[in-house]
Each structure stands twice: as structure tokens, then as C-alpha cells.
file upload14.tsv (TSV, N, CA and C atoms)
chain	number	residue	atom	x	y	z
A	1214	MET	N	-11.37	-18.13	7.84
A	1214	MET	CA	-12.54	-17.93	7.01
A	1214	MET	C	-12.07	-17.79	5.56
A	1215	ALA	N	-12.70	-18.50	4.68
A	1215	ALA	CA	-12.33	-18.48	3.28
A	1215	ALA	C	-12.95	-17.27	2.57
A	1216	ALA	N	-12.20	-16.74	1.63
A	1216	ALA	CA	-12.73	-15.66	0.78
A	1216	ALA	C	-13.31	-16.32	-0.46
A	1217	ARG	N	-14.32	-15.69	-1.03
A	1217	ARG	CA	-14.93	-16.27	-2.23
A	1217	ARG	C	-15.57	-15.19	-3.08
A	1218	ASN	N	-15.78	-15.53	-4.32
A	1218	ASN	CA	-16.61	-14.72	-5.21
A	1218	ASN	C	-17.59	-15.68	-5.88
A	1219	ALA	N	-18.25	-15.26	-6.92
A	1219	ALA	CA	-19.26	-16.10	-7.55
A	1219	ALA	C	-18.67	-17.36	-8.18
A	1220	ARG	N	-17.38	-17.35	-8.52
A	1220	ARG	CA	-16.79	-18.47	-9.23
A	1220	ARG	C	-15.75	-19.26	-8.44
A	1221	ARG	N	-15.10	-18.61	-7.46
A	1221	ARG	CA	-13.97	-19.26	-6.80
A	1221	ARG	C	-14.02	-19.07	-5.30
A	1222	ARG	N	-13.22	-19.90	-4.63
A	1222	ARG	CA	-13.06	-19.81	-3.19
A	1222	ARG	C	-11.58	-19.94	-2.88
A	1223	TRP	N	-11.08	-19.10	-1.98
A	1223	TRP	CA	-9.68	-19.13	-1.58
A	1223	TRP	C	-9.62	-19.45	-0.10
A	1224	THR	N	-8.94	-20.54	0.24
A	1224	THR	CA	-8.81	-20.91	1.65
A	1224	THR	C	-7.56	-20.33	2.29
A	1225	GLU	N	-6.62	-19.90	1.47
A	1225	GLU	CA	-5.43	-19.21	1.97
A	1225	GLU	C	-5.00	-18.19	0.94
A	1226	ARG	N	-4.24	-17.24	1.40
A	1226	ARG	CA	-3.80	-16.16	0.52
A	1226	ARG	C	-2.41	-15.71	0.96
A	1227	GLN	N	-1.54	-15.51	0.02
A	1227	GLN	CA	-0.19	-15.05	0.33
A	1227	GLN	C	-0.07	-13.58	-0.03
A	1228	GLY	N	0.87	-12.91	0.61
A	1228	GLY	CA	1.08	-11.51	0.34
A	1228	GLY	C	2.50	-11.08	0.62
A	1229	VAL	N	2.78	-9.85	0.26
A	1229	VAL	CA	4.08	-9.22	0.51
A	1229	VAL	C	3.82	-8.04	1.43
A	1230	LEU	N	4.57	-7.96	2.52
A	1230	LEU	CA	4.44	-6.86	3.46
A	1230	LEU	C	5.50	-5.81	3.14
A	1231	LEU	N	5.08	-4.56	3.01
A	1231	LEU	CA	5.99	-3.44	2.77
A	1231	LEU	C	6.09	-2.63	4.06
A	1232	ARG	N	7.31	-2.38	4.49
A	1232	ARG	CA	7.56	-1.59	5.70
A	1232	ARG	C	8.39	-0.37	5.31
A	1233	LEU	N	7.80	0.82	5.48
A	1233	LEU	CA	8.53	2.07	5.24
A	1233	LEU	C	8.85	2.69	6.59
A	1234	GLU	N	10.05	3.22	6.73
A	1234	GLU	CA	10.46	3.86	7.98
A	1234	GLU	C	10.97	5.26	7.69
A	1235	ALA	N	10.61	6.17	8.58
A	1235	ALA	CA	11.13	7.54	8.54
A	1235	ALA	C	11.34	7.94	9.99
A	1236	GLY	N	12.60	7.93	10.41
A	1236	GLY	CA	12.88	8.18	11.82
A	1236	GLY	C	12.31	7.06	12.66
A	1237	ALA	N	11.55	7.42	13.69
A	1237	ALA	CA	10.95	6.42	14.58
A	1237	ALA	C	9.60	5.92	14.07
A	1238	GLN	N	9.05	6.55	13.04
A	1238	GLN	CA	7.75	6.15	12.54
A	1238	GLN	C	7.85	5.05	11.48
A	1239	VAL	N	6.84	4.21	11.46
A	1239	VAL	CA	6.77	3.09	10.52
A	1239	VAL	C	5.40	3.10	9.86
A	1240	GLY	N	5.38	2.82	8.57
A	1240	GLY	CA	4.13	2.64	7.84
A	1240	GLY	C	4.15	1.29	7.14
A	1241	LEU	N	3.07	0.55	7.27
A	1241	LEU	CA	2.98	-0.78	6.66
A	1241	LEU	C	1.95	-0.80	5.54
A	1242	GLY	N	2.23	-1.58	4.54
A	1242	GLY	CA	1.29	-1.81	3.44
A	1242	GLY	C	1.43	-3.25	2.98
A	1243	GLU	N	0.41	-3.76	2.31
A	1243	GLU	CA	0.49	-5.15	1.84
A	1243	GLU	C	-0.02	-5.27	0.43
A	1244	ALA	N	0.62	-6.19	-0.28
A	1244	ALA	CA	0.21	-6.55	-1.65
A	1244	ALA	C	-0.19	-8.01	-1.62
A	1245	SER	N	-1.44	-8.30	-1.93
A	1245	SER	CA	-1.94	-9.67	-1.91
A	1245	SER	C	-2.85	-9.94	-3.09
A	1246	PRO	N	-2.30	-10.07	-4.29
A	1246	PRO	CA	-3.16	-10.35	-5.44
A	1246	PRO	C	-3.84	-11.71	-5.30
A	1247	LEU	N	-5.08	-11.80	-5.77
A	1247	LEU	CA	-5.80	-13.07	-5.72
A	1247	LEU	C	-5.41	-13.93	-6.93
A	1248	PRO	N	-4.86	-15.11	-6.69
A	1248	PRO	CA	-4.47	-15.99	-7.80
A	1248	PRO	C	-5.65	-16.32	-8.70
A	1249	GLY	N	-5.46	-16.19	-10.00
A	1249	GLY	CA	-6.49	-16.51	-10.96
A	1249	GLY	C	-7.56	-15.45	-11.11
A	1250	TYR	N	-7.46	-14.37	-10.36
A	1250	TYR	CA	-8.45	-13.30	-10.43
A	1250	TYR	C	-7.79	-11.96	-10.70
A	1251	SER	N	-6.74	-11.66	-9.96
A	1251	SER	CA	-6.00	-10.41	-10.15
A	1251	SER	C	-5.16	-10.50	-11.41
A	1252	PRO	N	-4.92	-9.37	-12.06
A	1252	PRO	CA	-4.13	-9.41	-13.30
A	1252	PRO	C	-2.64	-9.67	-13.06
A	1253	GLU	N	-2.18	-9.59	-11.81
A	1253	GLU	CA	-0.76	-9.79	-11.53
A	1253	GLU	C	-0.55	-10.95	-10.57
A	1254	THR	N	0.69	-11.38	-10.46
A	1254	THR	CA	1.06	-12.45	-9.53
A	1254	THR	C	1.74	-11.85	-8.31
A	1255	LEU	N	1.90	-12.67	-7.29
A	1255	LEU	CA	2.62	-12.24	-6.10
A	1255	LEU	C	4.06	-11.89	-6.45
A	1256	GLY	N	4.64	-12.64	-7.36
A	1256	GLY	CA	6.01	-12.34	-7.81
A	1256	GLY	C	6.11	-10.99	-8.49
A	1257	ASP	N	5.11	-10.63	-9.29
A	1257	ASP	CA	5.09	-9.31	-9.93
A	1257	ASP	C	5.09	-8.21	-8.88
A	1258	ALA	N	4.24	-8.37	-7.86
A	1258	ALA	CA	4.15	-7.37	-6.80
A	1258	ALA	C	5.46	-7.28	-6.03
A	1259	ALA	N	6.04	-8.43	-5.70
A	1259	ALA	CA	7.29	-8.44	-4.95
A	1259	ALA	C	8.41	-7.77	-5.74
A	1260	ARG	N	8.49	-8.04	-7.05
A	1260	ARG	CA	9.53	-7.41	-7.87
A	1260	ARG	C	9.34	-5.89	-7.92
A	1261	ALA	N	8.11	-5.43	-8.08
A	1261	ALA	CA	7.84	-3.99	-8.15
A	1261	ALA	C	8.19	-3.32	-6.83
A	1262	LEU	N	7.85	-3.95	-5.72
A	1262	LEU	CA	8.17	-3.35	-4.41
A	1262	LEU	C	9.67	-3.42	-4.13
A	1263	GLY	N	10.33	-4.45	-4.63
A	1263	GLY	CA	11.78	-4.55	-4.46
A	1263	GLY	C	12.54	-3.51	-5.26
A	1264	ALA	N	11.91	-2.95	-6.28
A	1264	ALA	CA	12.55	-1.95	-7.14
A	1264	ALA	C	12.15	-0.52	-6.78
A	1265	LEU	N	11.49	-0.33	-5.64
A	1265	LEU	CA	11.06	1.03	-5.25
A	1265	LEU	C	12.24	1.98	-5.20
A	1266	ARG	N	12.00	3.19	-5.67
A	1266	ARG	CA	13.00	4.27	-5.59
A	1266	ARG	C	12.51	5.22	-4.49
A	1267	LEU	N	13.14	5.15	-3.34
A	1267	LEU	CA	12.65	5.88	-2.17
A	1267	LEU	C	13.40	7.18	-1.89
A	1268	ASP	N	14.30	7.59	-2.80
A	1268	ASP	CA	14.95	8.89	-2.63
A	1268	ASP	C	13.87	9.97	-2.65
A	1269	GLY	N	13.88	10.84	-1.69
A	1269	GLY	CA	12.89	11.90	-1.62
A	1269	GLY	C	11.69	11.56	-0.76
A	1270	LEU	N	11.70	10.40	-0.11
A	1270	LEU	CA	10.59	10.01	0.75
A	1270	LEU	C	10.37	11.02	1.87
A	1271	GLY	N	11.45	11.46	2.51
A	1271	GLY	CA	11.33	12.43	3.60
A	1271	GLY	C	10.69	13.72	3.16
A	1272	ASP	N	11.06	14.21	1.98
A	1272	ASP	CA	10.46	15.44	1.45
A	1272	ASP	C	8.98	15.25	1.17
A	1273	ALA	N	8.62	14.09	0.62
A	1273	ALA	CA	7.21	13.81	0.32
A	1273	ALA	C	6.37	13.77	1.59
A	1274	LEU	N	6.93	13.22	2.65
A	1274	LEU	CA	6.20	13.12	3.91
A	1274	LEU	C	6.09	14.46	4.63
A	1275	ALA	N	6.94	15.41	4.29
A	1275	ALA	CA	6.91	16.72	4.93
A	1275	ALA	C	5.78	17.60	4.39
A	1276	GLY	N	5.23	17.24	3.24
A	1276	GLY	CA	4.16	18.02	2.64
A	1276	GLY	C	2.79	17.55	3.09
A	1277	ASP	N	1.79	17.89	2.30
A	1277	ASP	CA	0.42	17.46	2.62
A	1277	ASP	C	0.23	16.01	2.18
A	1278	LEU	N	-0.93	15.45	2.49
A	1278	LEU	CA	-1.20	14.05	2.16
A	1278	LEU	C	-1.13	13.80	0.66
A	1279	GLY	N	-1.63	14.74	-0.13
A	1279	GLY	CA	-1.57	14.59	-1.58
A	1279	GLY	C	-0.14	14.45	-2.08
A	1280	SER	N	0.77	15.22	-1.50
A	1280	SER	CA	2.18	15.13	-1.89
A	1280	SER	C	2.76	13.78	-1.50
A	1281	ALA	N	2.39	13.32	-0.32
A	1281	ALA	CA	2.90	12.02	0.13
A	1281	ALA	C	2.42	10.90	-0.79
A	1282	LEU	N	1.15	10.92	-1.15
A	1282	LEU	CA	0.61	9.87	-2.00
A	1282	LEU	C	1.09	10.00	-3.45
A	1283	ALA	N	1.33	11.22	-3.90
A	1283	ALA	CA	1.86	11.43	-5.26
A	1283	ALA	C	3.27	10.85	-5.39
A	1284	PHE	N	3.94	10.69	-4.26
A	1284	PHE	CA	5.28	10.10	-4.27
A	1284	PHE	C	5.25	8.69	-4.87
A	1285	ALA	N	4.11	8.01	-4.80
A	1285	ALA	CA	4.00	6.66	-5.37
A	1285	ALA	C	4.31	6.68	-6.86
A	1286	ASP	N	3.93	7.76	-7.56
A	1286	ASP	CA	4.21	7.85	-8.99
A	1286	ASP	C	5.70	7.91	-9.28
A	1287	VAL	N	6.45	8.49	-8.35
A	1287	VAL	CA	7.91	8.61	-8.51
A	1287	VAL	C	8.59	7.32	-8.08
A	1288	ALA	N	8.11	6.72	-7.01
A	1288	ALA	CA	8.78	5.57	-6.41
A	1288	ALA	C	8.58	4.28	-7.20
A	1289	LEU	N	7.41	4.11	-7.81
A	1289	LEU	CA	7.12	2.88	-8.55
A	1289	LEU	C	7.55	2.99	-10.01
A	1290	GLU	N	8.01	1.90	-10.56
A	1290	GLU	CA	8.32	1.87	-11.98
A	1290	GLU	C	7.02	1.94	-12.77
A	1291	ALA	N	7.09	2.49	-13.96
A	1291	ALA	CA	5.91	2.55	-14.83
A	1291	ALA	C	5.37	1.14	-15.05
A	1292	GLY	N	4.05	1.01	-15.01
A	1292	GLY	CA	3.43	-0.29	-15.22
A	1292	GLY	C	3.44	-1.21	-14.02
A	1293	ALA	N	3.78	-0.68	-12.85
A	1293	ALA	CA	3.78	-1.52	-11.64
A	1293	ALA	C	2.37	-2.07	-11.40
A	1294	PRO	N	2.26	-3.27	-10.87
A	1294	PRO	CA	0.95	-3.87	-10.67
A	1294	PRO	C	0.12	-3.13	-9.62
A	1295	PRO	N	-1.21	-3.20	-9.75
A	1295	PRO	CA	-2.09	-2.50	-8.81
A	1295	PRO	C	-1.86	-2.89	-7.35
A	1296	SER	N	-1.56	-4.14	-7.07
A	1296	SER	CA	-1.36	-4.53	-5.67
A	1296	SER	C	-0.10	-3.89	-5.09
A	1297	ALA	N	0.92	-3.65	-5.91
A	1297	ALA	CA	2.12	-2.97	-5.43
A	1297	ALA	C	1.80	-1.50	-5.12
A	1298	ARG	N	1.02	-0.87	-5.97
A	1298	ARG	CA	0.60	0.52	-5.72
A	1298	ARG	C	-0.20	0.59	-4.43
A	1299	HIS	N	-1.09	-0.36	-4.23
A	1299	HIS	CA	-1.89	-0.41	-3.00
A	1299	HIS	C	-0.98	-0.50	-1.77
A	1300	ALA	N	-0.01	-1.39	-1.82
A	1300	ALA	CA	0.91	-1.56	-0.69
A	1300	ALA	C	1.65	-0.26	-0.40
A	1301	LEU	N	2.16	0.38	-1.45
A	1301	LEU	CA	2.92	1.61	-1.26
A	1301	LEU	C	2.04	2.74	-0.75
A	1302	GLU	N	0.87	2.93	-1.35
A	1302	GLU	CA	-0.01	4.02	-0.91
A	1302	GLU	C	-0.49	3.82	0.52
A	1303	THR	N	-0.78	2.57	0.90
A	1303	THR	CA	-1.20	2.29	2.27
A	1303	THR	C	-0.07	2.58	3.26
A	1304	ALA	N	1.13	2.16	2.92
A	1304	ALA	CA	2.28	2.43	3.79
A	1304	ALA	C	2.55	3.93	3.88
A	1305	LEU	N	2.44	4.64	2.77
A	1305	LEU	CA	2.65	6.09	2.78
A	1305	LEU	C	1.59	6.79	3.63
A	1306	LEU	N	0.34	6.39	3.50
A	1306	LEU	CA	-0.73	6.98	4.31
A	1306	LEU	C	-0.48	6.75	5.79
A	1307	ALA	N	-0.12	5.53	6.16
A	1307	ALA	CA	0.14	5.21	7.57
A	1307	ALA	C	1.33	6.01	8.10
A	1308	LEU	N	2.38	6.07	7.33
A	1308	LEU	CA	3.58	6.79	7.76
A	1308	LEU	C	3.33	8.29	7.85
A	1309	TRP	N	2.66	8.85	6.85
A	1309	TRP	CA	2.36	10.29	6.85
A	1309	TRP	C	1.48	10.65	8.05
A	1310	SER	N	0.45	9.86	8.31
A	1310	SER	CA	-0.46	10.19	9.41
A	1310	SER	C	0.25	10.06	10.77
A	1311	ARG	N	1.15	9.11	10.90
A	1311	ARG	CA	1.91	9.00	12.16
A	1311	ARG	C	2.81	10.23	12.35
A	1312	ARG	N	3.42	10.68	11.27
A	1312	ARG	CA	4.27	11.88	11.38
A	1312	ARG	C	3.45	13.11	11.71
A	1313	GLN	N	2.18	13.11	11.30
A	1313	GLN	CA	1.29	14.24	11.60
A	1313	GLN	C	0.65	14.12	12.98
A	1314	GLY	N	0.79	12.95	13.61
A	1314	GLY	CA	0.21	12.73	14.93
A	1314	GLY	C	-1.31	12.59	14.90
A	1315	GLN	N	-1.84	12.05	13.81
A	1315	GLN	CA	-3.29	11.86	13.70
A	1315	GLN	C	-3.57	10.51	13.06
A	1316	PRO	N	-4.74	9.94	13.35
A	1316	PRO	CA	-5.06	8.66	12.71
A	1316	PRO	C	-5.29	8.84	11.21
A	1317	ALA	N	-5.05	7.80	10.47
A	1317	ALA	CA	-5.21	7.85	9.01
A	1317	ALA	C	-6.64	8.20	8.61
A	1318	TRP	N	-7.62	7.70	9.34
A	1318	TRP	CA	-9.01	7.98	8.96
A	1318	TRP	C	-9.31	9.47	9.00
A	1319	ARG	N	-8.66	10.18	9.92
A	1319	ARG	CA	-8.91	11.63	10.02
A	1319	ARG	C	-8.35	12.35	8.81
A	1320	ALA	N	-7.23	11.87	8.30
A	1320	ALA	CA	-6.65	12.49	7.10
A	1320	ALA	C	-7.54	12.25	5.88
A	1321	LEU	N	-8.18	11.07	5.83
A	1321	LEU	CA	-9.03	10.74	4.69
A	1321	LEU	C	-10.43	11.34	4.79
A	1322	ALA	N	-10.90	11.52	6.00
A	1322	ALA	CA	-12.26	12.06	6.22
A	1322	ALA	C	-12.19	13.11	7.32
A	1323	PRO	N	-11.61	14.28	7.03
A	1323	PRO	CA	-11.37	15.29	8.08
A	1323	PRO	C	-12.63	15.81	8.75
A	1324	HIS	N	-13.78	15.69	8.13
A	1324	HIS	CA	-15.01	16.22	8.72
A	1324	HIS	C	-15.81	15.16	9.46
A	1325	ALA	N	-15.33	13.93	9.46
A	1325	ALA	CA	-16.02	12.85	10.18
A	1325	ALA	C	-15.62	12.87	11.65
A	1326	GLY	N	-16.50	12.39	12.49
A	1326	GLY	CA	-16.22	12.21	13.92
A	1326	GLY	C	-15.75	13.43	14.56

call {"tool": "encode", "arguments": {"input": "upload14.tsv", "output": "C-alpha cells"}}
result
Amino acid sequence: MAARNARRRWTERQGVLLRLEAGAQVGLGEASPLPGYSPETLGDAARALGALRLDGLGDALAGDLGSALAFADVALEAGAPPSARHALETALLALWSRRQGQPAWRALAPHAG
């Protein structure tokens, strides 16, 4: 199925998959900027994710969700593209929730369901 907006249609889309590991747990995130629409390119996202500074990841995951997500500010270089931040925050959320033994939706909406 093609994606579209009022001006364009995309029949395919490329992305970069980010895989974070902590022990046996894995968190995945993806960066998929839309060509001609997003302010960054796929290459920009790939370079930013390739330059991640992951020292301290274990400590960030040991705290609350806010601490885990705040780690993105430390791990990404200043001015990193939005799609790279999305990939990292998604992977951090998935990894943190797995370490907590709860689904990610429960961490984001604790009073739901």
C-alpha cells in the first residue's frame, strides 16, 4: 500500500533499523525519513545512529522511563535528525519496558486497560 499526502505518493520507503541490546533483552527502533518531505535524508539518520554514544545505557535503563528516554540527549550528537531521535527513543522504550517485564503501552498509559 502506498503512502501519500496532498502533494506526493510514495510506493516504497527505505529506513534504518536500530537494535539496542542489554543482556538478553532487545529494543528495536527505526528511522525512515520521507524523501522530499522530511528535513533529513536516510544518510543523515544513518550517520547519527552510527555515532551513538551508548556508554551509560545500562544505568539509564535501571531508572524510570523518563531517565531511559532522557538518555537520548546524551547518546545523540547535538543537531541529530528527528528520525534518528525517533529510532533511539523507540528502541529505548522497547528495551526499558522489556527489562521491566511490562508492555510499552502500559508504561506510556499506566491507567489504561

call {"tool": "atom_distance", "arguments": {"input": "upload14.tsv", "atom1": "atom N of Glu1225 (chain A)", "atom2": "atom N of Thr1303 (chain A)"}}
result
23.2 Å

call {"tool": "closest_residue", "arguments": {"input": "upload14.tsv", "among": "A:Gly1228, A:Gly1271, A:Pro1294, A:Pro1323", "to": "Glu1243 (chain A)", "atoms": "all atoms listed in the file"}}
result
A:Gly1228

call {"tool": "atom_distance", "arguments": {"input": "upload14.tsv", "atom1": "atom C of Gly1240 (chain A)", "atom2": "atom N of Gly1263 (chain A)"}}
result
14.5 Å

call {"tool": "closest_residue", "arguments": {"input": "upload14.tsv", "among": "A:Ala1216, A:Ala1273, A:Leu1301, A:Leu1265", "to": "Ala1288 (chain A)", "atoms": "only C-alpha atoms"}}
result
A:Leu1265

call {"tool": "residues_near_point", "arguments": {"input": "upload14.tsv", "point": "(11.0, -1.6, -12.1)", "cutoff": "8 Å", "atoms": "only N, CA and C atoms", "output": "list of chain:residue names"}}
result
A:Arg1260, A:Ala1261, A:Leu1262, A:Gly1263, A:Ala1264, A:Leu1265, A:Leu1289, A:Glu1290, A:Ala1291, A:Gly1292, A:Ala1293

call {"tool": "write_last_selection", "arguments": {"input": "upload14.tsv", "atoms": "N, CA and C atoms", "output": "PDB file, in the frame of the given file"}}
result
ATOM      1  N   ARG A1260       8.490  -8.040  -7.050  1.00  0.00           N
ATOM      2  CA  ARG A1260       9.530  -7.410  -7.870  1.00  0.00           C
ATOM      3  C   ARG A1260       9.340  -5.890  -7.920  1.00  0.00           C
ATOM      4  N   ALA A1261       8.110  -5.430  -8.080  1.00  0.00           N
ATOM      5  CA  ALA A1261       7.840  -3.990  -8.150  1.00  0.00           C
ATOM      6  C   ALA A1261       8.190  -3.320  -6.830  1.00  0.00           C
ATOM      7  N   LEU A1262       7.850  -3.950  -5.720  1.00  0.00           N
ATOM      8  CA  LEU A1262       8.170  -3.350  -4.410  1.00  0.00           C
ATOM      9  C   LEU A1262       9.670  -3.420  -4.130  1.00  0.00           C
ATOM     10  N   GLY A1263      10.330  -4.450  -4.630  1.00  0.00           N
ATOM     11  CA  GLY A1263      11.780  -4.550  -4.460  1.00  0.00           C
ATOM     12  C   GLY A1263      12.540  -3.510  -5.260  1.00  0.00           C
ATOM     13  N   ALA A1264      11.910  -2.950  -6.280  1.00  0.00           N
ATOM     14  CA  ALA A1264      12.550  -1.950  -7.140  1.00  0.00           C
ATOM     15  C   ALA A1264      12.150  -0.520  -6.780  1.00  0.00           C
ATOM     16  N   LEU A1265      11.490  -0.330  -5.640  1.00  0.00           N
ATOM     17  CA  LEU A1265      11.060   1.030  -5.250  1.00  0.00           C
ATOM     18  C   LEU A1265      12.240   1.980  -5.200  1.00  0.00           C
ATOM     19  N   LEU A1289       7.410   4.110  -7.810  1.00  0.00           N
ATOM     20  CA  LEU A1289       7.120   2.880  -8.550  1.00  0.00           C
ATOM     21  C   LEU A1289       7.550   2.990 -10.010  1.00  0.00           C
ATOM     22  N   GLU A1290       8.010   1.900 -10.560  1.00  0.00           N
ATOM     23  CA  GLU A1290       8.320   1.870 -11.980  1.00  0.00           C
ATOM     24  C   GLU A1290       7.020   1.940 -12.770  1.00  0.00           C
ATOM     25  N   ALA A1291       7.090   2.490 -13.960  1.00  0.00           N
ATOM     26  CA  ALA A1291       5.910   2.550 -14.830  1.00  0.00           C
ATOM     27  C   ALA A1291       5.370   1.140 -15.050  1.00  0.00           C
ATOM     28  N   GLY A1292       4.050   1.010 -15.010  1.00  0.00           N
ATOM     29  CA  GLY A1292       3.430  -0.290 -15.220  1.00  0.00           C
ATOM     30  C   GLY A1292       3.440  -1.210 -14.020  1.00  0.00           C
ATOM     31  N   ALA A1293       3.780  -0.680 -12.850  1.00  0.00           N
ATOM     32  CA  ALA A1293       3.780  -1.520 -11.640  1.00  0.00           C
ATOM     33  C   ALA A1293       2.370  -2.070 -11.400  1.00  0.00           C
TER      34      ALA A1293
END

call {"tool": "atom_distance", "arguments": {"input": "upload14.tsv", "atom1": "CA of Trp1309 (chain A)", "atom2": "atom N of Ala1244 (chain A)"}}
result
18.0 Å

call {"tool": "axis_aligned_box", "arguments": {"input": "upload14.tsv", "around": "region 1316-1324 of chain A", "padding_each_side": "5 Å", "output": "lines of an AutoDock Vina configuration file"}}
result
center_x = -10.3
center_y = 12.0
center_z = 9.0
size_x = 21.1
size_y = 18.5
size_z = 18.7

call {"tool": "residues_around", "arguments": {"input": "upload14.tsv", "residues": "Ala1275 (chain A)", "least_positions_apart": "3", "cutoff": "12 Å", "atoms": "only C-alpha atoms", "output": "list of chain:residue names"}}
result
A:Ala1235, A:Gly1269, A:Leu1270, A:Gly1271, A:Asp1272, A:Leu1278, A:Gly1279, A:Ser1280, A:Ala1281, A:Leu1282, A:Phe1284, A:Leu1305, A:Leu1308, A:Trp1309, A:Ser1310, A:Arg1311, A:Arg1312, A:Gln1313

call {"tool": "residues_around", "arguments": {"input": "upload14.tsv", "residues": "Pro1246 (chain A)", "least_positions_apart": "6", "cutoff": "12 Å", "atoms": "only C-alpha atoms", "output": "list in words"}}
result
Trp1223, Glu1225, Arg1226, Gln1227, Gly1228, Val1229, Pro1252, Glu1253, Thr1254, Leu1255, Gly1256, Asp1257, Ala1258, Ala1259, Pro1294, Pro1295, Ser1296, Ala1297, Arg1298, His1299 and Ala1300 of chain A

call {"tool": "decode", "arguments": {"input": "upload14.tsv", "residues": "region 1237-1250 of chain A", "atoms": "N, CA and C atoms", "output": "mmCIF file, in the first residue's frame"}}
result
data_model
loop_
_atom_site.group_PDB
_atom_site.id
_atom_site.type_symbol
_atom_site.label_atom_id
_atom_site.label_comp_id
_atom_site.auth_asym_id
_atom_site.auth_seq_id
_atom_site.Cartn_x
_atom_site.Cartn_y
_atom_site.Cartn_z
ATOM 1 N N ALA A 1237 19.857 -10.086 27.776
ATOM 2 C CA ALA A 1237 19.043 -10.879 26.853
ATOM 3 C C ALA A 1237 17.941 -10.062 26.189
ATOM 4 N N GLN A 1238 17.725 -8.833 26.640
ATOM 5 C CA GLN A 1238 16.652 -8.022 26.084
ATOM 6 C C GLN A 1238 17.127 -7.214 24.871
ATOM 7 N N VAL A 1239 16.199 -6.998 23.960
ATOM 8 C CA VAL A 1239 16.471 -6.254 22.732
ATOM 9 C C VAL A 1239 15.381 -5.206 22.556
ATOM 10 N N GLY A 1240 15.773 -4.030 22.115
ATOM 11 C CA GLY A 1240 14.824 -2.978 21.753
ATOM 12 C C GLY A 1240 15.109 -2.519 20.335
ATOM 13 N N LEU A 1241 14.071 -2.417 19.526
ATOM 14 C CA LEU A 1241 14.223 -2.007 18.134
ATOM 15 C C LEU A 1241 13.596 -0.638 17.900
ATOM 16 N N GLY A 1242 14.206 0.113 17.019
ATOM 17 C CA GLY A 1242 13.671 1.395 16.590
ATOM 18 C C GLY A 1242 13.999 1.580 15.115
ATOM 19 N N GLU A 1243 13.258 2.455 14.443
ATOM 20 C CA GLU A 1243 13.527 2.676 13.023
ATOM 21 C C GLU A 1243 13.494 4.148 12.683
ATOM 22 N N ALA A 1244 14.359 4.489 11.738
ATOM 23 C CA ALA A 1244 14.411 5.846 11.188
ATOM 24 C C ALA A 1244 14.078 5.739 9.708
ATOM 25 N N SER A 1245 12.997 6.377 9.290
ATOM 26 C CA SER A 1245 12.565 6.308 7.894
ATOM 27 C C SER A 1245 12.081 7.667 7.412
ATOM 28 N N PRO A 1246 12.990 8.602 7.181
ATOM 29 C CA PRO A 1246 12.544 9.911 6.696
ATOM 30 C C PRO A 1246 11.904 9.797 5.313
ATOM 31 N N LEU A 1247 10.879 10.601 5.068
ATOM 32 C CA LEU A 1247 10.219 10.606 3.761
ATOM 33 C C LEU A 1247 11.003 11.495 2.796
ATOM 34 N N PRO A 1248 11.487 10.939 1.698
ATOM 35 C CA PRO A 1248 12.243 11.740 0.723
ATOM 36 C C PRO A 1248 11.410 12.898 0.193
ATOM 37 N N GLY A 1249 12.000 14.080 0.176
ATOM 38 C CA GLY A 1249 11.330 15.256 -0.342
ATOM 39 C C GLY A 1249 10.332 15.878 0.610
ATOM 40 N N TYR A 1250 10.153 15.290 1.777
ATOM 41 C CA TYR A 1250 9.192 15.817 2.746
ATOM 42 C C TYR A 1250 9.864 16.054 4.089
#
